[in-house]
4 protein chains.
Amino acid sequence: MLEELKGSVWQANVELVLKGLVVLTFGNVSGYDRASGLVAIKPSGVSYDALKARDIVLVDLSGKVVEGKLRPSSDTPTHLALYKAFPELRGISHAHSPAATAFAQAAAEIPCYGTTHADHFNGPVPVTRFLTKKEVEGEYEKNTGTVIIERYAELKTSPLEMPAVLVAGHGPFTMGLSPISAVRNALILEYIAHMALQTKQINPAVRRLPSYIREKHHQRKHGPDAYYGQRKEKP
Amino acid sequence: MLEELKGSVWQANVELVLKGLVVLTFGNVSGYDRASGLVAIKPSGVSYDALKARDIVLVDLSGKVVEGKLRPSSDTPTHLALYKAFPELRGISHAHSPAATAFAQAAAEIPCYGTTHADHFNGPVPVTRFLTKKEVEGEYEKNTGTVIIERYAELKTSPLEMPAVLVAGHGPFTMGLSPISAVRNALILEYIAHMALQTKQINPAVRRLPSYIREKHHQRKHGPDAYYGQRKEKP
Amino acid sequence: MLEELKGSVWQANVELVLKGLVVLTFGNVSGYDRASGLVAIKPSGVSYDALKARDIVLVDLSGKVVEGKLRPSSDTPTHLALYKAFPELRGISHAHSPAATAFAQAAAEIPCYGTTHADHFNGPVPVTRFLTKKEVEGEYEKNTGTVIIERYAELKTSPLEMPAVLVAGHGPFTMGLSPISAVRNALILEYIAHMALQTKQINPAVRRLPSYIREKHHQRKHGPDAYYGQRKEKP
Amino acid sequence: MLEELKGSVWQANVELVLKGLVVLTFGNVSGYDRASGLVAIKPSGVSYDALKARDIVLVDLSGKVVEGKLRPSSDTPTHLALYKAFPELRGISHAHSPAATAFAQAAAEIPCYGTTHADHFNGPVPVTRFLTKKEVEGEYEKNTGTVIIERYAELKTSPLEMPAVLVAGHGPFTMGLSPISAVRNALILEYIAHMALQTKQINPAVRRLPSYIREKHHQRKHGPDAYYGQRKEKP
């Protein structure tokens, strides 16, 4: 069932390792097939070395395992909450890459200091609030999705516009129109987080990129008149 | 004798290098066979390139070499002290990986700033006091074990609960229920130490992860009702 | 047409990846053939994995595509502006390598703190001003070239003397007498930017290298009586 | 002539690259044969990719080329000055590795913060003064040797005891009883410099390792009763 989706989710999980974004069993990538309403996701706690395409688990939006012998990632309810809130998404990646996670641990958004950032994220990468005690003691992973959705609502935006978010004290989630595009956004996020940290070390009083430059860079790549690349691209 | 243990100790030592946790002859990993009361450990000052499974030295808990032509690691008495104090341990790893060693050199514990840390270590990674002049001039390596054991006693915990500790001015020791699991903890320790350093650079006033989140993450992976992974895991 | 130039531009683009200066589709390298007045440049948004020598696009100095099926890099007008202003140049490289980009984002020049820097760049690596709103809304990429040219004029120097420059809020451009030499300068720039950042962390009050040492190092490699290397080298 | 020495110098130069201590043509390693009074050294400005054992140049202590078609490293007079002052040396390595060079650029010694440092360097790694204008305008490379020798004299020590030194504003020189041992010291130096920088970031008020621990660690590896390794080792 959904062999192609499972293959692309497997490949995207492997790519997380190849790009150096995860070690051991950290991290997970999922993909969503809207037609069937099914999500393909990495099994929990399986080493990437041993991971095979046939290990990818299929679950429905309620979390019921539809196919697969292994337990799905313990973060599955977070992924499901996001697909339910933003059904246009086709891929979600969760890694604990060092610099992006450091911003999440510092409960700090990643300011937009340059065009590398603006090319991919139109404004600061947002950070959620910490979950409350009650949210943690309840459906913790689902509520992780809830604070992400809440933050997008506060900012009047969505993962389609801003395909990365940091969960305070936890780490980044990135999204896209395919599993591999979610991983690509994870790589870019780590890259710009690392540079933002260095930028502040060089100049603690650094100011954010003027908004007219930020807009220009984002529009030339993602706007209606985008002229970057060979054809229009989307998050 | 104990070929399987020696093989797993050899493999765990090689893994230290593959994961980038040691250079040259730095570091050593041991394994403990409780039935025979024997410890298998890396020989002293042997380059990892040249290390073979048959070079692994077997010593008893008094430090007497039982098998092997090479001298055991000069840190052997530290390992022995720990196996005597905590006989449930099956593996100990000692590396001088950069970020964890930097915390040890700063004589600072590694605060728990996020869930990556909490997933593996339930609270700050402790640091011992410096050894006294008398302790250094006496049985130095054995006394290194002594200050580690003392610190666990002060904190009313053990390596089974907190499988990593920093020796002030020296570096980290990590432990586990097998040699390879001790090395895996060394890798995670380096990862979270590096992120803790970056977190503080981003936000010098950063606060520790709320304890209810820390507990939750640790319990979902290591508690009696753990639901992470395919089966329960232990340090 | 110009197969040799296209080959060397392709090779220089690949070298950017091999040296770890770019990820994904970031960055671009061009080469200039003064005889024909043509510039060979990377196509826009094409992944380095898939890039072939025959994909390299040929454009004239007005920006008209003369050969190639793909759209040239969106940064092409910046390259053209520089070749028009400095016709002795034969290669230009643009990457978003982390440390050099961090200086650009901090809108800070890279001070010359040591002989590694002086060996390659005779003085601080300059940074441009930010483009104005009008410049961004007009011919943005061409105006990126304009602020670079303006900065060289203010400093009464040229890319032949100082083959690297940072565009504020954007990133570095490096130049040379061949495409590969431009990339080599990008690598050196990243190296010295990274060391400059660390130098300031060690000693926030660090002073610049005495000018008589800086001059000496630059002259022994690039001056009329250069005695470094097997034959004289130029930027 | 001296094929074995040339082979070991070639190998040590290649090792500099393999260990990530140099890029491009930076750095050089030499070896000294006291019987013949000849020094084998890397040719100037030759890329490591292209370097062959037969390219290694033989010079006498006055700097005269005795064998080899290429020009010797421009730093040759520094090496010669050191072999003349310390004839027990058999190898010298000069690299611009990032963290060690950053300390040199900051004109700061590397404090001994831990046992990794003490295992190899018994006390802070010294830094020279800057060369004077007159020294730079005169025999610059020879005078680089002069300030190193002066610093050892001031500290009443020698490269046999302290096999690493930083030249202010320039970079590190490491030494040993063979070319490969000089390179090994360069690797350790970079490692401990990187950790010293991180240590100070974690705890800006960090104190140096108590001298009784420093002495102990150095003696157990290098003292008359050394018990580290399989046999006694020397710098």
# chains A, B, ... in the order shown; residues from 1 in each chain; ligands from 1
>>> residues_around(residues="segment 73-84 of chain A", least_positions_apart="5", cutoff="7 Å", atoms="only C-alpha atoms", output="list of chain:residue names")
A:Ile41, A:Lys42, A:Pro43, A:Ser44, A:Leu61, A:Gly63, A:Leu89, A:Ile92, A:Glu141, A:Lys142, A:Thr144, A:Gly145, B:Tyr228
>>> residues_around(residues="segment 162-177 of chain C", least_positions_apart="6", cutoff="8 Å", atoms="only C-alpha atoms", output="mmCIF file with all heavy atoms, in the first residue's frame")
data_model
loop_
_atom_site.group_PDB
_atom_site.id
_atom_site.type_symbol
_atom_site.label_atom_id
_atom_site.label_comp_id
_atom_site.auth_asym_id
_atom_site.auth_seq_id
_atom_site.Cartn_x
_atom_site.Cartn_y
_atom_site.Cartn_z
ATOM 1 N N TYR A 113 18.717 37.689 9.593
ATOM 2 C CA TYR A 113 19.864 38.598 9.489
ATOM 3 C C TYR A 113 20.390 38.715 8.069
ATOM 4 O O TYR A 113 21.288 39.505 7.819
ATOM 5 C CB TYR A 113 21.008 38.111 10.386
ATOM 6 C CG TYR A 113 20.766 38.237 11.867
ATOM 7 C CD1 TYR A 113 21.136 37.213 12.746
ATOM 8 C CD2 TYR A 113 20.196 39.391 12.412
ATOM 9 C CE1 TYR A 113 20.939 37.332 14.118
ATOM 10 C CE2 TYR A 113 19.990 39.509 13.780
ATOM 11 C CZ TYR A 113 20.366 38.481 14.627
ATOM 12 O OH TYR A 113 20.167 38.600 15.977
ATOM 13 N N GLY A 114 19.895 37.887 7.155
ATOM 14 C CA GLY A 114 20.490 37.970 5.823
ATOM 15 C C GLY A 114 19.645 37.325 4.749
ATOM 16 O O GLY A 114 18.581 36.749 5.012
ATOM 17 N N THR A 115 20.129 37.432 3.528
ATOM 18 C CA THR A 115 19.357 36.970 2.378
ATOM 19 C C THR A 115 19.290 35.446 2.294
ATOM 20 O O THR A 115 18.342 34.911 1.713
ATOM 21 C CB THR A 115 19.947 37.525 1.067
ATOM 22 O OG1 THR A 115 21.276 37.044 0.929
ATOM 23 C CG2 THR A 115 19.956 39.045 1.077
ATOM 24 N N THR A 116 20.259 34.731 2.873
ATOM 25 C CA THR A 116 20.181 33.262 2.876
ATOM 26 C C THR A 116 18.913 32.843 3.612
ATOM 27 O O THR A 116 18.183 31.943 3.189
ATOM 28 C CB THR A 116 21.400 32.644 3.591
ATOM 29 O OG1 THR A 116 22.558 33.410 3.352
ATOM 30 C CG2 THR A 116 21.614 31.205 3.169
ATOM 31 N N LEU A 209 17.731 42.238 8.930
ATOM 32 C CA LEU A 209 17.795 42.626 7.523
ATOM 33 C C LEU A 209 16.650 43.593 7.228
ATOM 34 O O LEU A 209 15.502 43.320 7.592
ATOM 35 C CB LEU A 209 17.649 41.368 6.662
ATOM 36 C CG LEU A 209 17.914 41.511 5.169
ATOM 37 C CD1 LEU A 209 19.391 41.786 4.906
ATOM 38 C CD2 LEU A 209 17.497 40.235 4.431
ATOM 39 N N GLU C 88 39.708 42.811 -16.266
ATOM 40 C CA GLU C 88 40.842 41.873 -16.108
ATOM 41 C C GLU C 88 40.406 40.602 -15.385
ATOM 42 O O GLU C 88 41.117 39.596 -15.423
ATOM 43 C CB GLU C 88 41.979 42.524 -15.304
ATOM 44 C CG GLU C 88 42.572 43.774 -15.944
ATOM 45 C CD GLU C 88 41.769 45.022 -15.601
ATOM 46 O OE1 GLU C 88 40.708 44.889 -14.919
ATOM 47 O OE2 GLU C 88 42.173 46.112 -16.018
ATOM 48 N N LEU C 89 39.285 40.649 -14.702
ATOM 49 C CA LEU C 89 38.819 39.453 -13.977
ATOM 50 C C LEU C 89 38.481 38.331 -14.949
ATOM 51 O O LEU C 89 37.979 38.572 -16.041
ATOM 52 C CB LEU C 89 37.571 39.772 -13.146
ATOM 53 C CG LEU C 89 37.774 40.682 -11.947
ATOM 54 C CD1 LEU C 89 36.449 40.844 -11.202
ATOM 55 C CD2 LEU C 89 38.826 40.114 -11.021
ATOM 56 N N ARG C 90 38.726 37.080 -14.512
ATOM 57 C CA ARG C 90 38.373 35.913 -15.342
ATOM 58 C C ARG C 90 37.444 34.955 -14.589
ATOM 59 O O ARG C 90 36.939 33.992 -15.157
ATOM 60 C CB ARG C 90 39.645 35.156 -15.758
ATOM 61 C CG ARG C 90 40.544 35.902 -16.721
ATOM 62 C CD ARG C 90 39.881 36.073 -18.101
ATOM 63 N NE ARG C 90 40.642 37.008 -18.924
ATOM 64 C CZ ARG C 90 40.457 38.336 -18.929
ATOM 65 N NH1 ARG C 90 39.515 38.883 -18.173
ATOM 66 N NH2 ARG C 90 41.186 39.102 -19.691
ATOM 67 N N GLY C 91 37.242 35.198 -13.300
ATOM 68 C CA GLY C 91 36.351 34.323 -12.548
ATOM 69 C C GLY C 91 35.748 35.036 -11.343
ATOM 70 O O GLY C 91 36.409 35.876 -10.722
ATOM 71 N N ILE C 92 34.488 34.711 -11.059
ATOM 72 C CA ILE C 92 33.801 35.261 -9.881
ATOM 73 C C ILE C 92 33.054 34.116 -9.207
ATOM 74 O O ILE C 92 32.409 33.303 -9.874
ATOM 75 C CB ILE C 92 32.782 36.369 -10.275
ATOM 76 C CG1 ILE C 92 33.515 37.541 -10.949
ATOM 77 C CG2 ILE C 92 32.001 36.853 -9.058
ATOM 78 C CD1 ILE C 92 32.583 38.630 -11.482
ATOM 79 N N SER C 93 33.165 34.061 -7.888
ATOM 80 C CA SER C 93 32.477 33.024 -7.124
ATOM 81 C C SER C 93 31.597 33.679 -6.069
ATOM 82 O O SER C 93 32.010 34.633 -5.405
ATOM 83 C CB SER C 93 33.528 32.130 -6.447
ATOM 84 O OG SER C 93 32.934 31.347 -5.442
ATOM 85 N N HIS C 94 30.402 33.167 -5.928
ATOM 86 C CA HIS C 94 29.483 33.675 -4.906
ATOM 87 C C HIS C 94 28.957 32.485 -4.106
ATOM 88 O O HIS C 94 28.277 31.621 -4.659
ATOM 89 C CB HIS C 94 28.334 34.429 -5.562
ATOM 90 C CG HIS C 94 27.275 34.862 -4.592
ATOM 91 N ND1 HIS C 94 27.578 35.481 -3.400
ATOM 92 C CD2 HIS C 94 25.920 34.759 -4.630
ATOM 93 C CE1 HIS C 94 26.446 35.744 -2.749
ATOM 94 N NE2 HIS C 94 25.435 35.312 -3.461
ATOM 95 N N ALA C 95 29.306 32.419 -2.824
ATOM 96 C CA ALA C 95 28.820 31.345 -1.964
ATOM 97 C C ALA C 95 28.239 31.976 -0.700
ATOM 98 O O ALA C 95 28.439 33.159 -0.458
ATOM 99 C CB ALA C 95 29.963 30.404 -1.610
ATOM 100 N N HIS C 96 27.497 31.186 0.049
ATOM 101 C CA HIS C 96 27.016 31.665 1.348
ATOM 102 C C HIS C 96 27.707 30.862 2.444
ATOM 103 O O HIS C 96 27.054 30.335 3.337
ATOM 104 C CB HIS C 96 25.496 31.528 1.435
ATOM 105 C CG HIS C 96 24.719 32.455 0.558
ATOM 106 N ND1 HIS C 96 23.404 32.759 0.755
ATOM 107 C CD2 HIS C 96 25.094 33.181 -0.523
ATOM 108 C CE1 HIS C 96 22.985 33.603 -0.181
ATOM 109 N NE2 HIS C 96 23.998 33.872 -0.966
ATOM 110 N N SER C 97 29.022 30.783 2.382
ATOM 111 C CA SER C 97 29.743 29.988 3.386
ATOM 112 C C SER C 97 29.552 30.627 4.758
ATOM 113 O O SER C 97 29.496 31.853 4.883
ATOM 114 C CB SER C 97 31.213 29.886 3.009
ATOM 115 O OG SER C 97 31.822 31.149 3.052
ATOM 116 N N ALA C 100 31.985 33.655 6.644
ATOM 117 C CA ALA C 100 32.074 34.858 5.818
ATOM 118 C C ALA C 100 30.699 35.512 5.713
ATOM 119 O O ALA C 100 30.579 36.742 5.792
ATOM 120 C CB ALA C 100 32.616 34.506 4.434
ATOM 121 N N THR C 101 29.659 34.698 5.560
ATOM 122 C CA THR C 101 28.302 35.239 5.485
ATOM 123 C C THR C 101 27.902 35.878 6.816
ATOM 124 O O THR C 101 27.208 36.900 6.844
ATOM 125 C CB THR C 101 27.308 34.134 5.082
ATOM 126 O OG1 THR C 101 27.726 33.609 3.822
ATOM 127 C CG2 THR C 101 25.893 34.664 4.959
ATOM 128 N N ALA C 102 28.345 35.284 7.924
ATOM 129 C CA ALA C 102 28.030 35.872 9.232
ATOM 130 C C ALA C 102 28.628 37.274 9.347
ATOM 131 O O ALA C 102 27.979 38.191 9.861
ATOM 132 C CB ALA C 102 28.533 34.974 10.357
ATOM 133 N N PHE C 103 29.854 37.462 8.860
ATOM 134 C CA PHE C 103 30.426 38.819 8.861
ATOM 135 C C PHE C 103 29.587 39.744 7.973
ATOM 136 O O PHE C 103 29.304 40.881 8.345
ATOM 137 C CB PHE C 103 31.890 38.805 8.392
ATOM 138 C CG PHE C 103 32.879 38.548 9.508
ATOM 139 C CD1 PHE C 103 33.302 37.261 9.802
ATOM 140 C CD2 PHE C 103 33.372 39.600 10.272
ATOM 141 C CE1 PHE C 103 34.199 37.018 10.838
ATOM 142 C CE2 PHE C 103 34.271 39.371 11.303
ATOM 143 C CZ PHE C 103 34.688 38.081 11.600
ATOM 144 N N ALA C 104 29.178 39.251 6.815
ATOM 145 C CA ALA C 104 28.345 40.063 5.916
ATOM 146 C C ALA C 104 27.026 40.431 6.600
ATOM 147 O O ALA C 104 26.569 41.572 6.529
ATOM 148 C CB ALA C 104 28.083 39.306 4.618
ATOM 149 N N GLN C 105 26.425 39.454 7.290
ATOM 150 C CA GLN C 105 25.157 39.703 7.988
ATOM 151 C C GLN C 105 25.350 40.698 9.129
ATOM 152 O O GLN C 105 24.450 41.458 9.452
ATOM 153 C CB GLN C 105 24.584 38.386 8.513
ATOM 154 C CG GLN C 105 24.169 37.442 7.395
ATOM 155 C CD GLN C 105 23.368 36.224 7.839
ATOM 156 O OE1 GLN C 105 22.652 35.643 7.037
ATOM 157 N NE2 GLN C 105 23.480 35.824 9.085
ATOM 158 N N ALA C 106 26.521 40.665 9.749
ATOM 159 C CA ALA C 106 26.824 41.607 10.826
ATOM 160 C C ALA C 106 27.244 42.957 10.258
ATOM 161 O O ALA C 106 27.531 43.889 11.005
ATOM 162 C CB ALA C 106 27.928 41.045 11.712
ATOM 163 N N ALA C 107 27.290 43.045 8.911
ATOM 164 C CA ALA C 107 27.722 44.276 8.223
ATOM 165 C C ALA C 107 29.086 44.725 8.742
ATOM 166 O O ALA C 107 29.350 45.910 8.931
ATOM 167 C CB ALA C 107 26.681 45.384 8.382
ATOM 168 N N ALA C 108 29.953 43.752 8.956
ATOM 169 C CA ALA C 108 31.276 44.027 9.527
ATOM 170 C C ALA C 108 32.365 43.558 8.557
ATOM 171 O O ALA C 108 32.267 42.460 7.997
ATOM 172 C CB ALA C 108 31.429 43.276 10.846
ATOM 173 N N GLU C 109 33.374 44.366 8.362
ATOM 174 C CA GLU C 109 34.521 43.912 7.579
ATOM 175 C C GLU C 109 35.255 42.833 8.376
ATOM 176 O O GLU C 109 35.054 42.703 9.593
ATOM 177 C CB GLU C 109 35.453 45.081 7.259
ATOM 178 C CG GLU C 109 36.072 45.725 8.488
ATOM 179 C CD GLU C 109 37.063 46.846 8.159
ATOM 180 O OE1 GLU C 109 36.934 47.486 7.102
ATOM 181 O OE2 GLU C 109 37.961 47.079 8.999
ATOM 182 N N PHE C 121 44.943 38.386 1.580
ATOM 183 C CA PHE C 121 44.185 39.630 1.454
ATOM 184 C C PHE C 121 44.963 40.731 2.166
ATOM 185 O O PHE C 121 45.193 40.651 3.375
ATOM 186 C CB PHE C 121 42.792 39.476 2.077
ATOM 187 C CG PHE C 121 42.024 38.302 1.535
ATOM 188 C CD1 PHE C 121 41.760 37.189 2.331
ATOM 189 C CD2 PHE C 121 41.566 38.296 0.226
ATOM 190 C CE1 PHE C 121 41.061 36.092 1.837
ATOM 191 C CE2 PHE C 121 40.862 37.200 -0.280
ATOM 192 C CZ PHE C 121 40.608 36.104 0.523
ATOM 193 N N ASN C 122 45.348 41.759 1.419
ATOM 194 C CA ASN C 122 46.209 42.794 1.981
ATOM 195 C C ASN C 122 45.397 43.874 2.697
ATOM 196 O O ASN C 122 45.231 44.983 2.187
ATOM 197 C CB ASN C 122 47.070 43.396 0.860
ATOM 198 C CG ASN C 122 48.163 44.285 1.433
ATOM 199 O OD1 ASN C 122 48.383 44.320 2.631
ATOM 200 N ND2 ASN C 122 48.842 45.010 0.559
ATOM 201 N N VAL C 125 38.998 42.614 4.806
ATOM 202 C CA VAL C 125 38.098 42.316 3.689
ATOM 203 C C VAL C 125 36.911 43.265 3.809
ATOM 204 O O VAL C 125 36.205 43.258 4.815
ATOM 205 C CB VAL C 125 37.636 40.848 3.721
ATOM 206 C CG1 VAL C 125 36.598 40.586 2.638
ATOM 207 C CG2 VAL C 125 38.832 39.922 3.552
ATOM 208 N N PRO C 126 36.691 44.116 2.787
ATOM 209 C CA PRO C 126 35.689 45.178 2.919
ATOM 210 C C PRO C 126 34.256 44.664 2.877
ATOM 211 O O PRO C 126 33.978 43.584 2.360
ATOM 212 C CB PRO C 126 35.962 46.081 1.711
ATOM 213 C CG PRO C 126 36.679 45.228 0.718
ATOM 214 C CD PRO C 126 37.398 44.155 1.492
ATOM 215 N N VAL C 127 33.373 45.483 3.442
ATOM 216 C CA VAL C 127 31.942 45.195 3.392
ATOM 217 C C VAL C 127 31.254 46.395 2.755
ATOM 218 O O VAL C 127 31.633 47.541 3.000
ATOM 219 C CB VAL C 127 31.391 44.881 4.805
ATOM 220 C CG1 VAL C 127 31.516 46.063 5.751
ATOM 221 C CG2 VAL C 127 29.944 44.396 4.751
ATOM 222 N N THR C 128 30.275 46.124 1.918
ATOM 223 C CA THR C 128 29.533 47.218 1.266
ATOM 224 C C THR C 128 28.499 47.799 2.231
ATOM 225 O O THR C 128 28.261 47.247 3.297
ATOM 226 C CB THR C 128 28.758 46.704 0.038
ATOM 227 O OG1 THR C 128 27.689 45.874 0.506
ATOM 228 C CG2 THR C 128 29.655 45.913 -0.895
ATOM 229 N N ARG C 129 27.853 48.853 1.830
ATOM 230 C CA ARG C 129 26.665 49.328 2.538
ATOM 231 C C ARG C 129 25.479 48.438 2.138
ATOM 232 O O ARG C 129 25.561 47.660 1.187
ATOM 233 C CB ARG C 129 26.390 50.788 2.179
ATOM 234 C CG ARG C 129 26.152 51.034 0.692
ATOM 235 C CD ARG C 129 25.664 52.474 0.445
ATOM 236 N NE ARG C 129 25.599 52.757 -0.975
ATOM 237 C CZ ARG C 129 24.579 52.429 -1.776
ATOM 238 N NH1 ARG C 129 23.521 51.788 -1.287
ATOM 239 N NH2 ARG C 129 24.595 52.716 -3.070
ATOM 240 N N PHE C 130 24.365 48.570 2.868
ATOM 241 C CA PHE C 130 23.128 47.924 2.444
ATOM 242 C C PHE C 130 22.602 48.635 1.199
ATOM 243 O O PHE C 130 22.772 49.852 1.065
ATOM 244 C CB PHE C 130 22.067 48.014 3.558
ATOM 245 C CG PHE C 130 22.277 47.040 4.678
ATOM 246 C CD1 PHE C 130 22.987 47.416 5.819
ATOM 247 C CD2 PHE C 130 21.789 45.747 4.605
ATOM 248 C CE1 PHE C 130 23.200 46.510 6.856
ATOM 249 C CE2 PHE C 130 21.992 44.840 5.633
ATOM 250 C CZ PHE C 130 22.704 45.228 6.761
ATOM 251 N N THR C 144 23.467 45.228 -6.860
ATOM 252 C CA THR C 144 24.384 44.533 -5.953
ATOM 253 C C THR C 144 25.815 44.707 -6.468
ATOM 254 O O THR C 144 26.752 44.946 -5.709
ATOM 255 C CB THR C 144 24.004 43.041 -5.847
ATOM 256 O OG1 THR C 144 22.680 42.948 -5.323
ATOM 257 C CG2 THR C 144 24.961 42.283 -4.950
ATOM 258 N N VAL C 147 26.984 48.435 -5.673
ATOM 259 C CA VAL C 147 27.505 48.776 -4.335
ATOM 260 C C VAL C 147 28.899 48.170 -4.119
ATOM 261 O O VAL C 147 29.718 48.720 -3.383
ATOM 262 C CB VAL C 147 26.556 48.371 -3.174
ATOM 263 C CG1 VAL C 147 25.255 49.168 -3.256
ATOM 264 C CG2 VAL C 147 26.294 46.878 -3.137
ATOM 265 N N ILE C 148 29.158 47.031 -4.772
ATOM 266 C CA ILE C 148 30.505 46.441 -4.686
ATOM 267 C C ILE C 148 31.517 47.370 -5.372
ATOM 268 O O ILE C 148 32.572 47.705 -4.813
ATOM 269 C CB ILE C 148 30.534 45.041 -5.344
ATOM 270 C CG1 ILE C 148 29.685 44.049 -4.540
ATOM 271 C CG2 ILE C 148 31.969 44.538 -5.471
ATOM 272 C CD1 ILE C 148 29.550 42.669 -5.178
ATOM 273 N N VAL C 183 37.205 30.456 -6.647
ATOM 274 C CA VAL C 183 36.715 29.501 -5.642
ATOM 275 C C VAL C 183 37.769 29.292 -4.549
ATOM 276 O O VAL C 183 37.452 29.214 -3.369
ATOM 277 C CB VAL C 183 36.333 28.160 -6.303
ATOM 278 C CG1 VAL C 183 36.062 27.081 -5.256
ATOM 279 C CG2 VAL C 183 35.106 28.350 -7.189
ATOM 280 N N ASN C 185 39.822 31.461 -3.528
ATOM 281 C CA ASN C 185 39.713 32.628 -2.645
ATOM 282 C C ASN C 185 38.494 32.539 -1.735
ATOM 283 O O ASN C 185 38.526 33.028 -0.601
ATOM 284 C CB ASN C 185 39.689 33.911 -3.475
ATOM 285 C CG ASN C 185 41.069 34.252 -4.011
ATOM 286 O OD1 ASN C 185 42.087 33.929 -3.385
ATOM 287 N ND2 ASN C 185 41.130 34.887 -5.168
ATOM 288 N N ALA C 186 37.433 31.912 -2.208
ATOM 289 C CA ALA C 186 36.244 31.719 -1.363
ATOM 290 C C ALA C 186 36.568 30.797 -0.193
ATOM 291 O O ALA C 186 36.108 31.008 0.937
ATOM 292 C CB ALA C 186 35.102 31.137 -2.192
ATOM 293 N N LEU C 189 38.821 32.713 2.229
ATOM 294 C CA LEU C 189 37.998 33.707 2.917
ATOM 295 C C LEU C 189 37.232 33.067 4.076
ATOM 296 O O LEU C 189 37.200 33.601 5.191
ATOM 297 C CB LEU C 189 37.014 34.336 1.928
ATOM 298 C CG LEU C 189 36.104 35.412 2.528
ATOM 299 C CD1 LEU C 189 36.905 36.653 2.875
ATOM 300 C CD2 LEU C 189 34.976 35.763 1.563
ATOM 301 N N LYS C 234 49.153 35.192 -8.888
ATOM 302 C CA LYS C 234 48.324 36.395 -8.843
ATOM 303 C C LYS C 234 46.946 36.013 -8.297
ATOM 304 O O LYS C 234 46.581 34.844 -8.326
ATOM 305 C CB LYS C 234 48.192 36.981 -10.256
ATOM 306 C CG LYS C 234 49.464 37.686 -10.746
ATOM 307 C CD LYS C 234 49.618 39.025 -10.028
ATOM 308 C CE LYS C 234 50.853 39.771 -10.504
ATOM 309 N NZ LYS C 234 51.040 40.998 -9.728
ATOM 310 N N PRO C 235 46.166 36.998 -7.807
ATOM 311 C CA PRO C 235 44.827 36.689 -7.297
ATOM 312 C C PRO C 235 44.025 35.842 -8.266
ATOM 313 O O PRO C 235 43.071 35.179 -7.892
ATOM 314 C CB PRO C 235 44.175 38.069 -7.129
ATOM 315 C CG PRO C 235 45.042 39.038 -7.871
ATOM 316 C CD PRO C 235 46.431 38.442 -7.821
#
>>> closest_residue(among="D:Gln201, D:Leu16, D:Gly45, D:Ile188", to="chain A", atoms="only C-alpha atoms")
D:Gln201
>>> closest_atom_pairs(of="chain C", to="chain D", cutoff="9 Å", atoms="only C-alpha atoms", output="tab-separated table")
residue	atom	partner	partner_atom	distance
C:Tyr113	CA	D:Gln105	CA	5.6
C:Gly114	CA	D:Gly169	CA	4.5
C:Thr115	CA	D:His170	CA	5.1
C:Thr116	CA	D:His170	CA	7.0
C:Arg184	CA	D:Leu24	CA	8.1
C:Leu187	CA	D:Val23	CA	8.7
C:Ile188	CA	D:Val23	CA	8.4
C:Tyr191	CA	D:Pro98	CA	7.7
C:Ile192	CA	D:Pro98	CA	8.3
C:His194	CA	D:Pro98	CA	7.6
C:Met195	CA	D:Ala102	CA	5.5
C:Ala196	CA	D:Ala102	CA	7.0
C:Leu197	CA	D:Ala102	CA	8.4
C:Gln198	CA	D:Ala102	CA	5.8
C:Thr199	CA	D:Ala102	CA	4.5
C:Lys200	CA	D:Ala106	CA	7.3
C:Gln201	CA	D:Leu197	CA	7.8
C:Ile202	CA	D:Ala106	CA	6.5
C:Asn203	CA	D:Ala106	CA	5.6
C:Pro204	CA	D:Ala106	CA	8.6
C:Ala205	CA	D:Ala106	CA	8.6
C:Val206	CA	D:Ala106	CA	5.6
C:Arg207	CA	D:Ala106	CA	7.8
C:Arg208	CA	D:Gly169	CA	8.6
C:Leu209	CA	D:Gly169	CA	6.2
C:Pro210	CA	D:Phe130	CA	8.5
C:Tyr212	CA	D:Lys133	CA	6.2
C:Ile213	CA	D:Val136	CA	6.6
C:Lys216	CA	D:Val136	CA	7.2
C:Arg220	CA	D:Ser74	CA	8.8
C:Tyr227	CA	D:Ser74	CA	7.1
C:Tyr228	CA	D:Ser74	CA	5.7
C:Gly229	CA	D:Gly45	CA	3.9
C:Gln230	CA	D:Arg71	CA	6.2
C:Arg231	CA	D:Gly45	CA	8.8
>>> select_by_dssp(residues="segment 96-217 of chain C", states="helix (DSSP H, G or I)", output="number ranges by chain")
C: 98-105, 115-120, 133-137, 140-154, 179-202, 211-217
>>> atom_distance(atom1="atom CA of Asn13 of chain B", atom2="atom CA of Ala226 of chain B")
29.6 Å
>>> select_by_dssp(residues="segment 81-167 of chain C", states="strand (DSSP E or B)", output="ChimeraX atom specification")
/C:91-94,110,125,127,164-167
